[in-house]
Structure formats: C-alpha cells, structure tokens
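Comments concern the structure below.
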Amino acid sequence: MEARPLIAKTDALSSPSHVRLNRCADGRYSAPNSHGEDVLVELRPDGGWDLYIAGPPSQLGLWRETKAVNSIKRDGLLGWMGLKSPAPEPFNGKIEPSEVRPLDFVGDNASNRERYREVSLPPETQVKPWKATHYEVSMKFQETGMVESRSRIRGVTTVATDSLPFDFGNFADRVKVKSPTGELETLRRTEAGISVEQSFLAQEEFNLELSFQGHPKPVSHPAVPADLGWLTNDRSTITFNGVERSSSWLLGDDSPANKAIYDFRVEVPKGHFAVANGALVEATETENGRLFHYRSKFPMASYLASVNCFDEKTYTKTEVSSGFEVVHPRGMEEQVRSEFANHSQMMDFLTKRLGPYPFETYGAIVTDLHTDTYSSRFTDGEATFEADLGYQVAFEAQTRPIYPSGAIKGFGDFEETLIHELAHQWYGNAVTKASEQDIWVNEAFPSYCGALWREKRFGREALEAEMQSIHERLCNHPFKDTMAKPDRDRLFSLENYGRMTLSMHALRCEVGDAQFYSTLRGVLEEHKYTSISVEQMAETADELNGGRLKDFFQKWLHSTRIPDISQLHAPLRTNTVPLDGGQ
C-alpha cells in the first residue's frame, strides 16, 4: 500500500468546505480563486519560504503566484512524494516573506500529526488455533446492493480447542455455519466476529460452510487516511482491504500469517462484470446475470483477497500490453494507456533483480470510488482554509492492485507508485509480513523501488539527492517507535515510509548492488509463499551475507533514531552491476 498526499485550500471566511486540488496541465498543483492562484508553501529555517506539496505542516503559508515564474524540475523529497512534473517558482528562487500569508492550525490540530483519522484502533488480530488450506468463496451481488455470501473453508487445527474463531466485521447476528453433513453449528458472537463452538483435536481437519447476507460496510484504521474493506456505489463495488481487514466482507482470519488457496465464484446482475484475484477460469450466463470463476492457485493472505463488481455502462477493460489488463471507468482509456505505458519495462526491471514474477497473472483496477477523508483547518487570521490531504491511496491486492482514478492522469508522474505496487507482488504478497507490525517486510523494498525507478530514469545523482533530502527531513524526527515494531497507529505514516526507504538504501550501500539484489532474491527463495517477521527477514539476510549484518540491522531496525548516511554514497559508485544492459 502507498499513500501520496496532495493539498488544497478554500477561501471560506467562516465555515470551511472541501475543495479538491486542481492538477494543472504543466504538472502544478494549486487551487484557483477570483484573485488568481494560491499555493501552499513551507517556512525554511533561514526565514524564507519554499514551494511545498507535503511535509511537516509546522509553519505553512499561502503565496499568491505572480507572472514572474519559471517551470523547474522538483527533486528530493518532493519527488519522493510524487511531484515529478514542473512546479512554479519565482525567478530569484525565493518567495519573499511579505508575499506570504502565514497559516495557523484551527482547533485541536497539531503539527507533525501521524494520526490520520479520529477513530479507535481495532483490536489486534489474535492468533487462531487453526490454519486454512482452501477458501471457496461464492458471492452473489444484487441490484439492491444486497450481497449473499457463502464461504467453504477447509483447514486444520494447530492445537486442541473447544472453539474455532473467525474474524467478521459485519452482520454477526445473521451468520450461519454448516458442517459437511449440512447440520447447523452452534455459534457464539465475539468482539472480532464469531466462534464455532465445537471440540477439535490438534491437527484435526475441518470443512465448514459459513454464509451471510446483507450490506457490508467499510472499516477504518487510524493509520490509514482512507476507507477500507467494502467500498460501493451504484456503479461499482471494490474490496480495498489493507491493514488486515478483509473481515468487513469475508469470514476468515485477518492475520496475514494464515495463507491459503482461494477460489472465487462471483455472480453479478446483467450488464455487470466481476474481477477477483488470480486467473479467470470461466464466465457463464445465469438466469439473472453472469457468474465469474477466478482461482488464485498460490497461497494468499486474506487481506490481499479482492472481489470486485462493475457496471458495464460506466466501466470497461483495456489491455495495455500483452497479458496486462486494466479495469477502469469509461472515458479514461487514453490516460490509462499513457500512465501504464512503461508497465512492461517495470516488470522487466523487477524480474532482473528479484527473479521471475511469482504469480499466474497480473492486472490492475482503477476506481473512481472516493476513499480519502482526512483534512485539517488553517487560518491566516481572516479567512479559514481547509487543506484536504487528498491521499492517493493504492492497494496491492494480490495479482491485481487497485488505484484511484484521480491519480491516473496520463502524465507519467504516478509511475513510482505503479512500480511500488508491482514490487509488492514479490515483497508483501509472495513473501508476506507475519503480523500487522511487521510492515517493514512488506513496505521497505517496494517503497525503495520508487527511488530505484527514479534512478533508472534520471541517473544516480537524482537517487542520492532524494535519499539525502529524505534523511534531512527525518534525522531529527522524534520517533518513539522502531521499524522493527512501529506503533500501530503510525504504520502508514509518511515518516515511517521514509525511514523504511532509507533502510533499504543503506543496506544497498552496505553490501553493494550485486549482493543487495542477491540478498533480496535469497530471502524470497527461502520464504516464498509464506509469512515472516521482521526478525526472520533480517536473520535470513544476515545469513546470506556471512553474519556481518547483525550490527547493521540493530542500528536500523531497533533504534528510534535514523542513523547517519553521510558516507553511504561511495559504495554505490564503485560496486554496481548493470542489470539493464548497461543503460
């Protein structure tokens, strides 16, 4: 998963209202008003002001553009945050303080907030006394929005137990569970879902059918600035899980450590089509619509499962390259083809470094469903502004990542997120974190992939400048947690992503290019299709390097401070393997 922030403003004098940020043709981001265009800026230590898209909102201001502007390439942290097209800047490279209206937070907003939503942390997923082997999920979508679901779960108990717990976030009173003989099982409602009250021996196989009907609802997490789980409107339904919350629509185990094989049979009304993980086995006509059967034959964590329904009047499919199909709203074909134009090169880039693509198929979904809900209010003493942090949140559903339509503009400035989600198919999906807090396993390398792609396009100096800029931003950040065990409500903060990116860059510099990619391939080979902890990944990487990385991982993964990187660049210039034919 990756979140990319943008910022917008309004000119309301008293009660602020949302205004979406405008994406200009030349790549600028601004909010127009009757006087021209205002742009958010950030105060520098020397008292000047810099143009700004994202960063610590400790001291912000609004600067009104003049005609004396240049278009310049942005790099460093701004590039890391997603701004890669030209941005306006005065000819003298500075914004005078007299031209800026400083902004202050309104209400209880605080600077450097890493909590995106005022919602409670859900309970941590508890280890279940069972392991799944196969999910056979049948879902029937009705035009009323009602969903009928029936899941046959086969598995084996890990210990002797008097009950089998299942995570389920909705409709707990309307669930039925049947045994293979068709008998209804005794259920008990729990905080996390339901529990089947039946005695099982250790290592005993079970085969249960769990069913429900109703209208699933989204779920929230303070670490993510987006709705999660079941998202729907009259045009489409997508399952955008993240943070182990597939239980908003799927009975099972939210733990990423409980992987299984999945079959999906999705029945949709006439004029609709369905898309799920894996390969399409068959599509057949039914009395009232169509039935789509997808199979994901490689083990998958439940949070990566994705069942989606689209109205053909408003959604279509485009084959961008051979075997790579994108589902998207109608009218976006040109933008989709342009934004995904380098998909084949990205796949080649990663397979040369990590090994063969680990699954049977790959595609993408572009959705117009709105997910972001996080904003902050500011005032300049007269007007009140609402900064919509407009997070462009993407999700790495196994074999078929999901992207917001607002980010697919066709300018190519979303490519670093595209390769980020593609890289997740190796790190995050083939090899998966064992728990919610083992996010470093999932996110460190995919986050660094955006920088690697930038290096391929713009050269080594662009990468080094970016890493230095991120380090300057974070070296004095008051972290209270570590990468090995981040706070649950800060898992997806920009600061956590930044330090994970730096940790991969540091590892690459420590061992050199050839050994860096050899280590990543070795970890994949050792743990492919399983779930591992941060410690397991670090231990394997250390073993693959002759036991010389213990101090390195102690320094990077178990400290609340970002280590110094001033000496990191030299190895990159001298220990490089040309994986792109020398290009």
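In the structure tokens, chains take the letters A, B, ... in the order shown, each chain's residues start at 1, and ligands count up from 1 in the order shown.
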Once DSSP has gone over the backbone, tell me which residues of region 125-336 of chain A are in alpha helix (DSSP H), as a PyMOL selection string.
-> chain A and resi 333-336
Would you write out those residues with C-alpha atoms, as a PDB file, in the first residue's frame?
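Saved result, again_4.pdb, follows:
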```
ATOM      1  CA  GLU A 333      -8.555   4.784 -21.931  1.00  0.00           C
ATOM      2  CA  GLU A 334      -6.076   7.397 -23.153  1.00  0.00           C
ATOM      3  CA  GLN A 335      -4.939   8.271 -19.606  1.00  0.00           C
ATOM      4  CA  VAL A 336      -4.669   4.595 -18.668  1.00  0.00           C
TER       5      VAL A 336
END
```
Spatial neighbours of region 451-454 of chain A, 9 Å, only C-alpha atoms, chain gap at least 6 places, as a PyMOL selection string | chain A and resi 79-80+346+349+415-416+419+460+462-463+466-467+501
Would you mind listing, for every residue of region 207-288 of chain A within 12 Å of region 135-146 of chain A, the two atoms forming the shortest contact and the distance between them in Å to one decimal, using only C-alpha atoms, sorted by chain and ascending residue number, as a tab-separated table?
```
residue	atom	partner	partner_atom	distance
A:Asn207	CA	A:Tyr135	CA	9.9
A:Leu208	CA	A:Tyr135	CA	10.0
A:Glu209	CA	A:Glu136	CA	9.1
A:Leu210	CA	A:Val137	CA	9.5
A:Ser211	CA	A:Ser138	CA	9.2
A:Phe212	CA	A:Met139	CA	9.7
A:Gln213	CA	A:Met146	CA	7.0
A:Gly214	CA	A:Met146	CA	5.3
A:His215	CA	A:Met146	CA	5.3
A:Pro216	CA	A:Met146	CA	8.4
A:Lys217	CA	A:Gly145	CA	11.1
A:Trp230	CA	A:Gly145	CA	11.6
A:Leu231	CA	A:Gly145	CA	11.3
A:Thr232	CA	A:Gly145	CA	8.5
A:Asn233	CA	A:Gly145	CA	8.6
A:Asp234	CA	A:Gly145	CA	8.2
A:Arg235	CA	A:Glu143	CA	10.3
A:Ser236	CA	A:Gly145	CA	10.1
A:Thr237	CA	A:Gly145	CA	9.3
A:Ile238	CA	A:Phe141	CA	11.9
A:Trp249	CA	A:Met139	CA	10.0
A:Leu250	CA	A:Val137	CA	8.5
A:Leu251	CA	A:Val137	CA	9.5
A:Gly252	CA	A:Tyr135	CA	8.8
A:Asp253	CA	A:Tyr135	CA	11.0
A:Asn258	CA	A:Tyr135	CA	11.5
A:Lys259	CA	A:Tyr135	CA	9.9
A:Ala260	CA	A:Tyr135	CA	6.9
A:Ile261	CA	A:Tyr135	CA	6.3
A:Tyr262	CA	A:Tyr135	CA	4.8
A:Asp263	CA	A:Glu136	CA	4.8
A:Phe264	CA	A:Val137	CA	4.9
A:Arg265	CA	A:Ser138	CA	4.6
A:Val266	CA	A:Met139	CA	4.9
A:Glu267	CA	A:Lys140	CA	4.6
A:Val268	CA	A:Phe141	CA	5.1
A:Pro269	CA	A:Gln142	CA	6.3
A:Lys270	CA	A:Glu143	CA	9.3
A:Gly271	CA	A:Glu143	CA	10.6
A:His272	CA	A:Phe141	CA	9.8
A:Phe273	CA	A:Phe141	CA	10.5
A:Ala274	CA	A:Phe141	CA	9.7
A:Val275	CA	A:Met139	CA	12.0
A:Ala276	CA	A:Val137	CA	10.8
A:Asn277	CA	A:Val137	CA	11.7
A:Thr286	CA	A:Lys140	CA	11.4
A:Asn288	CA	A:Gln142	CA	9.6
```
Find the distance between CA of Trp426 (chain A) and CA of Ala394 (chain A) and write it in Å to one decimal.
->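 Rounded to one decimal, the two atoms are 16.4 Å apart.
Each of A:Val307, A:Gln398, A:Met1, A:Val366 was checked against Ser447 (chain A) using only C-alpha atoms; the smallest atom-to-atom distance is that of A:Met1.
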How many Å separate CA of Thr314 (chain A) from CA of Ser149 (chain A)?
-> 24.9 Å
Residues of region 301-414 of chain A that approach region 420-424 of chain A to 8 Å or less, counting only C-alpha atoms: could you list each one with the shortest pair of atoms and its distance in Å to one decimal, rows by chain and increasing residue number, as CSV?
```
residue,atom,partner,partner_atom,distance
A:Met347,CA,A:Leu422,CA,7.6
A:Leu350,CA,A:Ala423,CA,7.1
A:Ala394,CA,A:Glu421,CA,7.6
A:Phe395,CA,A:Glu421,CA,7.2
A:Glu396,CA,A:Glu421,CA,5.4
A:Pro401,CA,A:Glu421,CA,6.5
```
Take the residues from that selection and put them in a file with all heavy atoms, as a CSV table (one decimal), in the first residue's frame.
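Output below, filename out-v7.csv:
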```csv
chain,number,residue,atom,x,y,z
A,347,MET,N,8.1,-4.4,-15.2
A,347,MET,CA,8.1,-5.9,-15.0
A,347,MET,C,9.5,-6.4,-15.3
A,347,MET,O,10.1,-7.2,-14.5
A,347,MET,CB,7.1,-6.6,-15.8
A,347,MET,CG,7.0,-8.1,-15.6
A,347,MET,SD,6.3,-8.5,-13.9
A,347,MET,CE,4.6,-8.3,-14.2
A,350,LEU,N,12.1,-5.4,-12.5
A,350,LEU,CA,12.0,-6.2,-11.3
A,350,LEU,C,12.4,-7.6,-11.4
A,350,LEU,O,13.0,-8.2,-10.5
A,350,LEU,CB,10.6,-6.0,-10.7
A,350,LEU,CG,10.3,-4.6,-10.2
A,350,LEU,CD1,8.8,-4.5,-9.8
A,350,LEU,CD2,11.1,-4.3,-8.9
A,394,ALA,N,-3.2,3.7,-2.9
A,394,ALA,CA,-3.2,2.5,-3.8
A,394,ALA,C,-3.1,1.2,-2.9
A,394,ALA,O,-2.5,1.3,-1.8
A,394,ALA,CB,-2.1,2.5,-4.8
A,395,PHE,N,-3.6,0.1,-3.4
A,395,PHE,CA,-3.6,-1.1,-2.6
A,395,PHE,C,-3.1,-2.3,-3.4
A,395,PHE,O,-3.6,-2.5,-4.5
A,395,PHE,CB,-5.0,-1.4,-2.0
A,395,PHE,CG,-5.1,-2.7,-1.3
A,395,PHE,CD1,-4.3,-3.0,-0.3
A,395,PHE,CD2,-6.1,-3.6,-1.8
A,395,PHE,CE1,-4.5,-4.3,0.4
A,395,PHE,CE2,-6.2,-4.8,-1.1
A,395,PHE,CZ,-5.4,-5.2,-0.1
A,396,GLU,N,-2.2,-3.1,-2.9
A,396,GLU,CA,-1.6,-4.2,-3.6
A,396,GLU,C,-2.3,-5.5,-3.6
A,396,GLU,O,-1.7,-6.6,-3.4
A,396,GLU,CB,-0.2,-4.4,-3.0
A,396,GLU,CG,-0.1,-4.9,-1.6
A,396,GLU,CD,-0.1,-3.9,-0.5
A,396,GLU,OE1,-0.5,-2.7,-0.8
A,396,GLU,OE2,0.2,-4.2,0.6
A,401,PRO,N,-3.5,-5.0,-8.3
A,401,PRO,CA,-3.5,-3.8,-7.5
A,401,PRO,C,-4.7,-2.8,-7.9
A,401,PRO,O,-5.2,-2.8,-9.0
A,401,PRO,CB,-2.2,-3.1,-7.7
A,401,PRO,CG,-1.3,-4.2,-8.2
A,401,PRO,CD,-2.2,-5.1,-8.9
```
With a cut-off of 12 Å, could you pull out the residues of region 277-317 of chain A touching region 433-445 of chain A and give me the nearest pair of atoms for each, distance in Å to one decimal, using only C-alpha atoms, ordered by chain and ascending number, as a tab-separated table?
```
residue	atom	partner	partner_atom	distance
A:Met300	CA	A:Lys433	CA	11.6
A:Ala301	CA	A:Lys433	CA	9.5
A:Tyr303	CA	A:Glu436	CA	10.8
A:Leu304	CA	A:Lys433	CA	11.8
```
Compare A:Thr379, A:Gln345, A:Ser321, A:Thr158 by their minimum atom-to-atom distance to Gly61 (chain A), counting only C-alpha atoms, and give me the closest one.
->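 Closest to Gly61 (chain A), using only C-alpha atoms: A:Thr379.
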